[in-house]
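**Q** Got a structure for you, coords09.cif, holding mmCIF, C-alpha atoms.
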data_target
loop_
_atom_site.label_atom_id
_atom_site.label_comp_id
_atom_site.auth_asym_id
_atom_site.auth_seq_id
_atom_site.Cartn_x
_atom_site.Cartn_y
_atom_site.Cartn_z
CA MET A 1 -97.10 105.90 -133.32
CA ASP A 2 -97.31 102.68 -135.27
CA ALA A 3 -96.05 99.66 -133.32
CA SER A 4 -93.96 98.43 -136.25
CA LEU A 5 -92.25 101.83 -136.50
CA LEU A 6 -91.47 101.68 -132.78
CA LEU A 7 -90.07 98.20 -133.23
CA LEU A 8 -87.95 99.38 -136.17
CA LEU A 9 -86.60 102.30 -134.12
CA ALA A 10 -85.85 100.01 -131.18
CA ALA A 11 -84.05 97.56 -133.46
CA LEU A 12 -82.03 100.40 -135.02
CA GLY A 13 -81.14 101.76 -131.59
CA ASP A 14 -80.03 98.31 -130.53
CA ARG A 15 -77.99 97.45 -133.64
CA VAL A 16 -76.53 100.76 -134.81
CA PRO A 17 -74.01 102.18 -132.33
CA GLY A 18 -74.49 105.86 -131.59
CA ILE A 19 -77.78 106.30 -133.45
CA VAL A 20 -79.64 107.28 -130.27
CA PHE A 21 -77.13 110.08 -129.73
CA GLY A 22 -76.92 110.97 -133.42
CA LEU A 23 -80.60 111.65 -134.11
CA PRO A 24 -80.93 114.66 -131.77
CA LEU A 25 -77.82 116.17 -133.35
CA ILE A 26 -79.35 115.79 -136.83
CA LEU A 27 -82.49 117.55 -135.61
CA VAL A 28 -80.58 120.42 -134.01
CA ALA A 29 -78.35 120.86 -137.06
CA ALA A 30 -81.38 120.82 -139.39
CA LEU A 31 -83.15 123.41 -137.24
CA VAL A 32 -80.14 125.75 -137.17
CA PHE A 33 -79.47 125.33 -140.92
CA ALA A 34 -83.12 126.09 -141.69
CA ALA A 35 -83.36 129.06 -139.33
CA THR A 36 -80.18 130.65 -140.66
CA HIS A 37 -81.57 130.47 -144.21
CA HIS A 38 -85.10 131.73 -143.58
CA GLU A 39 -86.94 134.34 -141.58
CA ASP A 40 -90.57 133.23 -141.77
CA PRO A 41 -91.64 130.61 -139.15
CA ALA A 42 -93.55 128.53 -141.70
CA ALA A 43 -90.56 128.52 -144.05
CA ILE A 44 -88.27 127.55 -141.16
CA ARG A 45 -90.56 124.60 -140.31
CA ARG A 46 -90.64 123.42 -143.92
CA ALA A 47 -86.87 123.83 -144.39
CA THR A 48 -86.17 121.97 -141.12
CA LEU A 49 -87.99 118.92 -142.47
CA GLU A 50 -86.07 119.18 -145.75
CA TRP A 51 -82.75 119.43 -143.92
CA VAL A 52 -83.63 116.46 -141.68
CA GLY A 53 -84.29 114.48 -144.85
CA TRP A 54 -81.00 115.55 -146.43
CA LEU A 55 -78.84 114.97 -143.35
CA ALA A 56 -80.49 111.68 -142.38
CA GLY A 57 -80.32 110.56 -146.02
CA ILE A 58 -76.62 111.35 -146.39
CA LEU A 59 -75.66 109.86 -143.01
CA GLY A 60 -77.98 106.88 -143.58
CA GLY A 61 -76.36 106.31 -146.99
CA VAL A 62 -72.91 106.35 -145.39
CA LEU A 63 -74.18 103.91 -142.75
CA VAL A 64 -75.51 101.54 -145.41
CA VAL A 65 -72.22 101.67 -147.35
CA VAL A 66 -70.23 100.97 -144.17
CA TRP A 67 -72.60 98.10 -143.32
CA LEU A 68 -72.29 96.62 -146.81
CA ILE A 69 -68.50 96.85 -146.73
CA GLY A 70 -68.57 95.21 -143.30
CA ARG A 71 -70.64 92.33 -144.71
CA LEU A 72 -68.37 91.89 -147.73
CA VAL A 73 -64.99 92.06 -146.01
CA MET B 1 -76.32 134.68 -149.61
CA GLY B 2 -78.22 137.58 -148.13
CA ARG B 3 -76.32 140.82 -148.30
CA PRO B 4 -76.91 143.48 -145.66
CA SER B 5 -77.48 146.93 -147.10
CA SER B 6 -78.49 150.38 -145.89
CA SER B 7 -82.15 151.30 -146.07
CA PRO B 8 -83.25 154.84 -147.09
CA SER B 9 -83.60 155.60 -143.37
CA GLY B 10 -79.91 154.74 -142.83
CA ARG B 11 -80.55 151.46 -141.01
CA ILE B 12 -78.60 148.33 -141.91
CA VAL B 13 -81.09 145.78 -143.20
CA ALA B 14 -81.25 142.39 -144.87
CA VAL B 15 -84.02 141.15 -147.15
CA SER B 16 -86.06 138.14 -146.02
CA PRO B 17 -85.88 135.45 -148.71
CA ASP B 18 -89.41 134.33 -147.83
CA ASP B 19 -91.54 137.45 -148.27
CA GLY B 20 -89.06 140.17 -149.22
CA ALA B 21 -89.59 142.00 -145.91
CA LEU B 22 -86.72 144.08 -144.57
CA VAL B 23 -84.96 142.66 -141.50
CA ASP B 24 -83.47 145.36 -139.28
CA LEU B 25 -79.97 144.18 -138.29
CA ARG B 26 -79.35 147.17 -135.93
CA SER B 27 -75.59 147.00 -135.28
CA PRO B 28 -74.47 143.77 -137.02
CA ALA B 29 -71.09 143.59 -135.24
CA VAL B 30 -72.67 143.95 -131.80
CA ALA B 31 -75.37 141.42 -132.69
CA ALA B 32 -72.82 138.90 -133.97
CA ALA B 33 -70.71 139.30 -130.82
CA LEU B 34 -73.78 138.83 -128.63
CA SER B 35 -74.82 135.74 -130.58
CA TRP B 36 -71.34 134.30 -130.22
CA LEU B 37 -71.42 134.93 -126.46
CA VAL B 38 -74.89 133.42 -125.94
CA PRO B 39 -76.62 131.61 -128.84
CA GLY B 40 -79.55 133.69 -130.09
CA LEU B 41 -78.83 136.75 -127.95
CA GLY B 42 -77.86 138.82 -131.01
CA GLN B 43 -81.14 137.97 -132.74
CA LEU B 44 -83.05 138.97 -129.60
CA TYR B 45 -81.13 142.28 -129.62
CA GLN B 46 -82.22 142.77 -133.24
CA GLY B 47 -85.84 142.11 -132.31
CA ARG B 48 -85.94 138.74 -134.12
CA ARG B 49 -87.42 137.09 -131.04
CA LEU B 50 -88.58 133.81 -132.56
CA LYS B 51 -85.22 133.05 -134.13
CA GLY B 52 -83.35 134.15 -131.01
CA ALA B 53 -85.44 131.87 -128.80
CA LEU B 54 -85.13 129.05 -131.33
CA PHE B 55 -81.33 129.24 -131.43
CA MET B 56 -81.10 129.49 -127.66
CA ALA B 57 -83.46 126.55 -127.13
CA ALA B 58 -81.53 124.43 -129.64
CA LEU B 59 -77.88 125.14 -128.88
CA VAL B 60 -77.67 125.78 -125.13
CA PRO B 61 -79.27 122.41 -124.25
CA THR B 62 -77.11 120.65 -126.86
CA PHE B 63 -73.94 122.06 -125.31
CA LEU B 64 -75.13 121.29 -121.76
CA ALA B 65 -76.17 117.77 -122.83
CA GLY B 66 -72.66 117.24 -124.20
CA MET B 67 -71.17 118.40 -120.91
CA TRP B 68 -73.46 116.05 -119.01
CA ILE B 69 -72.84 113.05 -121.27
CA GLY B 70 -69.09 113.67 -120.97
CA GLY B 71 -69.21 113.85 -117.18
CA GLY B 72 -68.27 117.55 -117.25
CA ARG B 73 -64.77 116.65 -118.51
CA VAL B 74 -64.99 117.22 -122.26
CA VAL B 75 -64.61 121.00 -122.50
CA TYR B 76 -61.12 122.19 -121.66
CA ALA B 77 -58.33 124.14 -123.30
CA SER B 78 -54.93 122.50 -123.52
CA TRP B 79 -52.04 123.26 -125.82
CA LYS B 80 -49.35 121.13 -124.22
CA PRO B 81 -47.17 118.88 -126.41
CA GLY B 82 -48.96 115.54 -126.68
CA GLU B 83 -52.25 116.97 -125.43
CA LYS B 84 -53.37 119.54 -127.95
CA ARG B 85 -57.12 119.82 -127.50
CA TRP B 86 -58.20 120.54 -131.09
CA PRO B 87 -61.93 119.98 -130.34
CA PHE B 88 -61.79 123.09 -128.16
CA VAL B 89 -61.34 125.18 -131.33
CA CYS B 90 -64.87 124.08 -132.31
CA GLN B 91 -66.24 124.18 -128.74
CA ALA B 92 -65.08 127.80 -128.39
CA GLY B 93 -67.73 128.74 -130.96
CA ILE B 94 -70.29 128.54 -128.17
CA GLY B 95 -68.79 131.69 -126.63
CA ALA B 96 -69.38 132.53 -122.98
CA ALA B 97 -69.65 128.90 -121.90
CA ALA B 98 -66.15 128.17 -123.21
CA ILE B 99 -64.38 131.25 -121.81
CA PRO B 100 -63.97 129.75 -118.29
CA ALA B 101 -61.99 126.90 -119.89
CA LEU B 102 -59.40 129.42 -121.08
CA VAL B 103 -59.23 130.97 -117.61
CA GLN B 104 -58.77 127.55 -116.00
CA ALA B 105 -55.99 126.59 -118.45
CA TRP B 106 -54.21 129.90 -117.89
CA ARG B 107 -54.48 129.52 -114.09
CA LEU B 108 -53.32 125.88 -114.02
CA ASN B 109 -50.35 126.48 -116.31
CA GLY B 110 -49.51 129.90 -114.84
CA PRO B 111 -47.67 130.81 -111.66
CA ALA B 112 -50.65 129.82 -109.45
CA LYS B 113 -50.45 126.18 -110.67
CA GLU B 114 -54.07 125.66 -109.72
CA PRO B 115 -57.42 126.41 -111.39
CA LEU B 116 -59.80 129.03 -110.08
CA LEU B 117 -61.26 128.04 -106.68
CA LYS B 118 -59.24 124.80 -107.02
CA SER B 119 -62.22 123.53 -109.00
CA GLN B 120 -61.89 120.86 -111.69
CA PHE B 121 -64.73 122.55 -113.62
CA LEU B 122 -63.47 123.05 -117.21
CA ALA B 123 -59.87 122.61 -115.99
CA PRO B 124 -57.47 120.81 -118.32
CA PRO B 125 -56.29 117.33 -117.31
CA LEU B 126 -52.92 116.91 -115.64
CA ALA B 127 -50.10 115.48 -117.72
CA ARG B 128 -47.42 113.15 -116.37
CA GLY B 129 -44.88 115.08 -114.34
CA GLN B 130 -46.95 118.27 -114.23
CA VAL B 131 -46.51 120.33 -111.08
CA VAL B 132 -49.53 121.73 -109.23
CA SER B 133 -50.11 123.60 -106.00
CA PRO B 134 -50.35 121.46 -102.85
CA GLY B 135 -53.88 122.77 -102.31
CA TYR B 136 -55.07 121.58 -105.73
CA ALA B 137 -53.37 118.21 -105.26
CA ALA B 138 -55.13 117.76 -101.90
CA ARG B 139 -58.44 118.77 -103.48
CA LEU B 140 -58.05 116.25 -106.32
CA VAL B 141 -57.25 113.45 -103.89
CA GLU B 142 -60.34 114.44 -101.91
CA VAL B 143 -62.86 114.60 -104.77
CA ASP B 144 -61.50 112.28 -107.48
CA PRO B 145 -61.96 108.57 -106.66
CA ASP B 146 -59.31 107.63 -109.24
CA LEU B 147 -56.53 109.59 -107.52
CA ASP B 148 -54.81 109.12 -104.19
CA GLN B 149 -51.90 110.58 -102.23
CA GLU B 150 -49.38 108.38 -104.05
CA ASP B 151 -50.27 110.04 -107.35
CA PHE B 152 -48.56 113.24 -106.20
CA ARG B 153 -44.88 113.43 -105.27
CA PRO B 154 -43.73 116.29 -103.02
CA LEU B 155 -41.62 118.68 -105.04
CA PRO B 156 -41.45 121.71 -102.73
CA PRO B 157 -43.14 124.09 -102.95
CA TRP B 158 -45.29 122.12 -105.43
CA ARG B 159 -46.63 118.61 -105.88
CA GLN B 160 -45.82 116.62 -109.01
CA PHE B 161 -48.44 114.45 -110.72
CA ARG B 162 -47.27 110.89 -111.45
CA PRO B 163 -43.61 111.68 -112.17
CA TYR B 164 -41.76 109.72 -114.83
CA PRO B 165 -40.59 106.36 -113.42
CA GLY B 166 -36.85 105.93 -112.89
CA PRO B 167 -34.68 103.90 -115.29
CA GLY B 168 -35.75 100.26 -115.34
CA ALA B 169 -38.91 100.98 -113.36
CA LEU B 170 -42.32 100.31 -114.86
CA ASP B 171 -45.40 102.38 -114.03
CA ARG B 172 -48.57 100.69 -115.25
CA ARG B 173 -50.91 103.50 -114.19
CA PRO B 174 -52.33 105.78 -116.91
CA ALA B 175 -49.78 108.44 -117.80
CA ASP B 176 -52.13 111.38 -117.58
CA GLN B 177 -55.49 112.44 -116.23
CA VAL B 178 -57.22 112.45 -119.63
CA SER B 179 -56.50 108.70 -119.91
CA ILE B 180 -58.21 108.21 -116.56
CA TRP B 181 -61.24 110.18 -117.78
CA GLN B 182 -61.41 108.22 -121.04
CA THR B 183 -61.17 104.91 -119.17
CA ARG B 184 -63.94 105.97 -116.80
CA LEU B 185 -66.29 107.47 -119.41
CA GLY B 186 -65.59 105.19 -122.38
CA ARG B 187 -67.41 106.24 -125.55
CA PHE B 188 -69.35 108.88 -123.64
CA PHE B 189 -66.18 111.01 -123.59
CA GLU B 190 -66.25 111.10 -127.40
CA ILE B 191 -70.03 111.56 -127.64
CA GLY B 192 -69.92 114.46 -125.16
CA THR B 193 -67.04 116.00 -127.10
CA LEU B 194 -69.02 115.65 -130.35
CA TYR B 195 -72.13 117.31 -128.88
CA THR B 196 -70.19 120.29 -127.55
CA MET B 197 -68.20 120.62 -130.80
CA ILE B 198 -71.32 120.61 -132.96
CA ALA B 199 -73.06 123.13 -130.68
CA GLY B 200 -70.00 125.40 -130.99
CA MET B 201 -69.78 125.11 -134.77
CA LEU B 202 -73.51 125.67 -135.29
CA ASN B 203 -73.28 128.78 -133.12
CA LEU B 204 -70.86 130.28 -135.63
CA LEU B 205 -73.67 130.07 -138.22
CA VAL B 206 -75.96 131.75 -135.71
CA ALA B 207 -73.43 134.58 -135.21
CA TYR B 208 -73.18 134.93 -139.00
CA ASP B 209 -76.98 135.12 -139.22
CA ALA B 210 -76.90 137.98 -136.70
CA TRP B 211 -74.18 139.69 -138.77
CA SER B 212 -75.75 139.44 -142.22
CA GLY B 213 -79.32 138.19 -141.94
CA PRO B 214 -80.72 135.02 -143.55
CA MET B 215 -78.16 133.25 -145.73
CA ARG B 216 -80.55 132.19 -148.47
CA ALA B 217 -80.69 134.65 -151.37
CA SER B 218 -84.02 136.38 -151.97
CA ALA B 219 -86.07 135.45 -155.05
CA ASP B 220 -84.82 138.56 -156.89
CA GLU B 221 -81.17 137.70 -156.20
CA ASP B 222 -81.81 134.10 -157.29
CA LYS B 223 -83.09 135.34 -160.69
CA ALA B 224 -80.11 137.67 -161.08
#
Taking this structure as input, can you express it in the form of structure tokens?
**A**
Amino acid sequence: MDASLLLLLAALGDRVPGIVFGLPLILVAALVFAATHHEDPAAIRRATLEWVGWLAGILGGVLVVVWLIGRLV
Amino acid sequence: MGRPSSSPSGRIVAVSPDDGALVDLRSPAVAAALSWLVPGLGQLYQGRRLKGALFMAALVPTFLAGMWIGGGRVVYASWKPGEKRWPFVCQAGIGAAAIPALVQAWRLNGPAKEPLLKSQFLAPPLARGQVVSPGYAARLVEVDPDLDQEDFRPLPPWRQFRPYPGPGALDRRPADQVSIWQTRLGRFFEIGTLYTMIAGMLNLLVAYDAWSGPMRASADEDKA
């Protein structure tokens, strides 16, 4: 893995409370969502990645909004 | 959503949205009940081994991780005034792993006034003034570093947990056992609760998958 990516992850883990515990939950939820919508293993794999993107995107967006509000207030 | 239907051979089947193959659901009600009891067991019963193993490998460790993070204190059933354990409604979705919590709550609040084997495992926390059996009180004093003999007042034939202080008296100790757990575990109490809740809620989707097959509509249904 790229060293800068590792550094970014470490910085996120240090600065965002709960992110270390949140990421495995996103992965599990994405896996279950994908597997309950598909039957073929390849389709489940593909859908898991899509769901990870959606869930991480939505939660990341909320995180950014909360962070921005925290900076403004 | 996928709709189960009867095949010409009389079997209940669903259509795979990926390749249109028929998925034999066997007995959907039995499969759903099995999946509720143990994540993925219903899919294994239906012969959908990969999905069964996948669900089991994803949800059982998530629930156990939640229990571990929460020090084994986050799954319990309680419906007392002031201590209604709403997260248990979600945790109960995990099935067999949550059933002992109901047994422990029934035993502790019933005539026995002690959980099964006097074990704190999945037992609800004691509230202020709650009466318990002398045996359970002695056991708690023995195993719980936050409790001592003075926490239980003799109230023959029972023992009473931290009774209400008399008029004018002030008791600065936490009013109930759940406060002690939250003080000891901090945010890990909430994180453990979240893990077990999410595992329980996701397992309801798994049970629904066993009942009706994949939720995504097939390509033909999408066009319709």
**Q** Take the PyMOL selection byres ((chain A) within 7 of (chain B)), run it mentally on this structure, and tell me the resulting residues as a PyMOL selection string.
**A** chain A and resi 28+32+35-40
**Q** In Å, how far is it from CA of Gly72 (chain B) to CA of Thr183 (chain B)?
**A**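 Taking CA of Gly72 (chain B) as the start and CA of Thr183 (chain B) as the end point, the length is 14.6 Å.
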**Q** Could you please determine the separation between CA of Gln120 (chain B) and CA of Gly200 (chain B) in Å, to one decimal place?
**A**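 One can read the CA of Gln120 (chain B) to CA of Gly200 (chain B) distance as 21.4 Å.
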**Q** Tell me, as an NGL selection string, which residues lie within 12 Å of Leu102 (chain B), counting all atoms listed in the file; anything in the same chain fewer than 5 positions away does not count.
**A** :B and (75-79 or 85 or 88-89 or 91-92 or 95-97 or 107-110 or 115-116 or 121-124)
**Q** The PyMOL selection byres ((chain B and resi 160) around 9) - which residues does that actually catch in the file I just gave you? List them as a PyMOL selection string.
**A** chain B and resi 128-133+137+151-155+158-159+161-163
**Q** Record the distance separating CA of Lys118 (chain B) and CA of Tyr136 (chain B), expressed in Å with one decimal.
**A**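 Between CA of Lys118 (chain B) and CA of Tyr136 (chain B) the gap works out to 5.4 Å.
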**Q** List as a ChimeraX atom specification the protein and nucleic acid residues near region 66-73 of chain A, meaning an atom at most 12 Å away when all atoms listed in the file are counted, but skip any in the same chain fewer than 2 places from it.
**A** /A:15-17,59-64
**Q** Using all atoms listed in the file, determine which residues lie at most 12 Å from Trp54 (chain A), disregarding the query and same-chain residues fewer than 2 positions distant; provide the list as a list in words.
**A**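 So the residues in contact are Ile26, Leu27, Ala29, Ala30, Phe33, Ala34, Ala47, Thr48, Leu49, Glu50, Trp51, Val52, Ala56, Gly57, Ile58, Leu59, Gly60 and Gly61 of chain A.
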**Q** How would the residues just picked look written out with C-alpha atoms as a PDB file, in the frame of the given file?
**A**
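result-v2.pdb, written as the output of this step:
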ATOM      1  CA  ILE A  26     -79.350 115.790-136.830  1.00  0.00           C
ATOM      2  CA  LEU A  27     -82.490 117.550-135.610  1.00  0.00           C
ATOM      3  CA  ALA A  29     -78.350 120.860-137.060  1.00  0.00           C
ATOM      4  CA  ALA A  30     -81.380 120.820-139.390  1.00  0.00           C
ATOM      5  CA  PHE A  33     -79.470 125.330-140.920  1.00  0.00           C
ATOM      6  CA  ALA A  34     -83.120 126.090-141.690  1.00  0.00           C
ATOM      7  CA  ALA A  47     -86.870 123.830-144.390  1.00  0.00           C
ATOM      8  CA  THR A  48     -86.170 121.970-141.120  1.00  0.00           C
ATOM      9  CA  LEU A  49     -87.990 118.920-142.470  1.00  0.00           C
ATOM     10  CA  GLU A  50     -86.070 119.180-145.750  1.00  0.00           C
ATOM     11  CA  TRP A  51     -82.750 119.430-143.920  1.00  0.00           C
ATOM     12  CA  VAL A  52     -83.630 116.460-141.680  1.00  0.00           C
ATOM     13  CA  ALA A  56     -80.490 111.680-142.380  1.00  0.00           C
ATOM     14  CA  GLY A  57     -80.320 110.560-146.020  1.00  0.00           C
ATOM     15  CA  ILE A  58     -76.620 111.350-146.390  1.00  0.00           C
ATOM     16  CA  LEU A  59     -75.660 109.860-143.010  1.00  0.00           C
ATOM     17  CA  GLY A  60     -77.980 106.880-143.580  1.00  0.00           C
ATOM     18  CA  GLY A  61     -76.360 106.310-146.990  1.00  0.00           C
TER      19      GLY A  61
END
**Q** Expand the PyMOL selection byres ((chain B and resi 126) around 6) into the explicit residue set it covers here, and present it as a short mmCIF file (atom, residue, chain, number, x, y, z; two decimals) with C-alpha atoms, in the frame of the given file.
**A**
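Generated output (out07.cif):
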data_model
loop_
_atom_site.label_atom_id
_atom_site.label_comp_id
_atom_site.auth_asym_id
_atom_site.auth_seq_id
_atom_site.Cartn_x
_atom_site.Cartn_y
_atom_site.Cartn_z
CA PRO B 125 -56.29 117.33 -117.31
CA ALA B 127 -50.10 115.48 -117.72
CA ASP B 176 -52.13 111.38 -117.58
CA GLN B 177 -55.49 112.44 -116.23
#
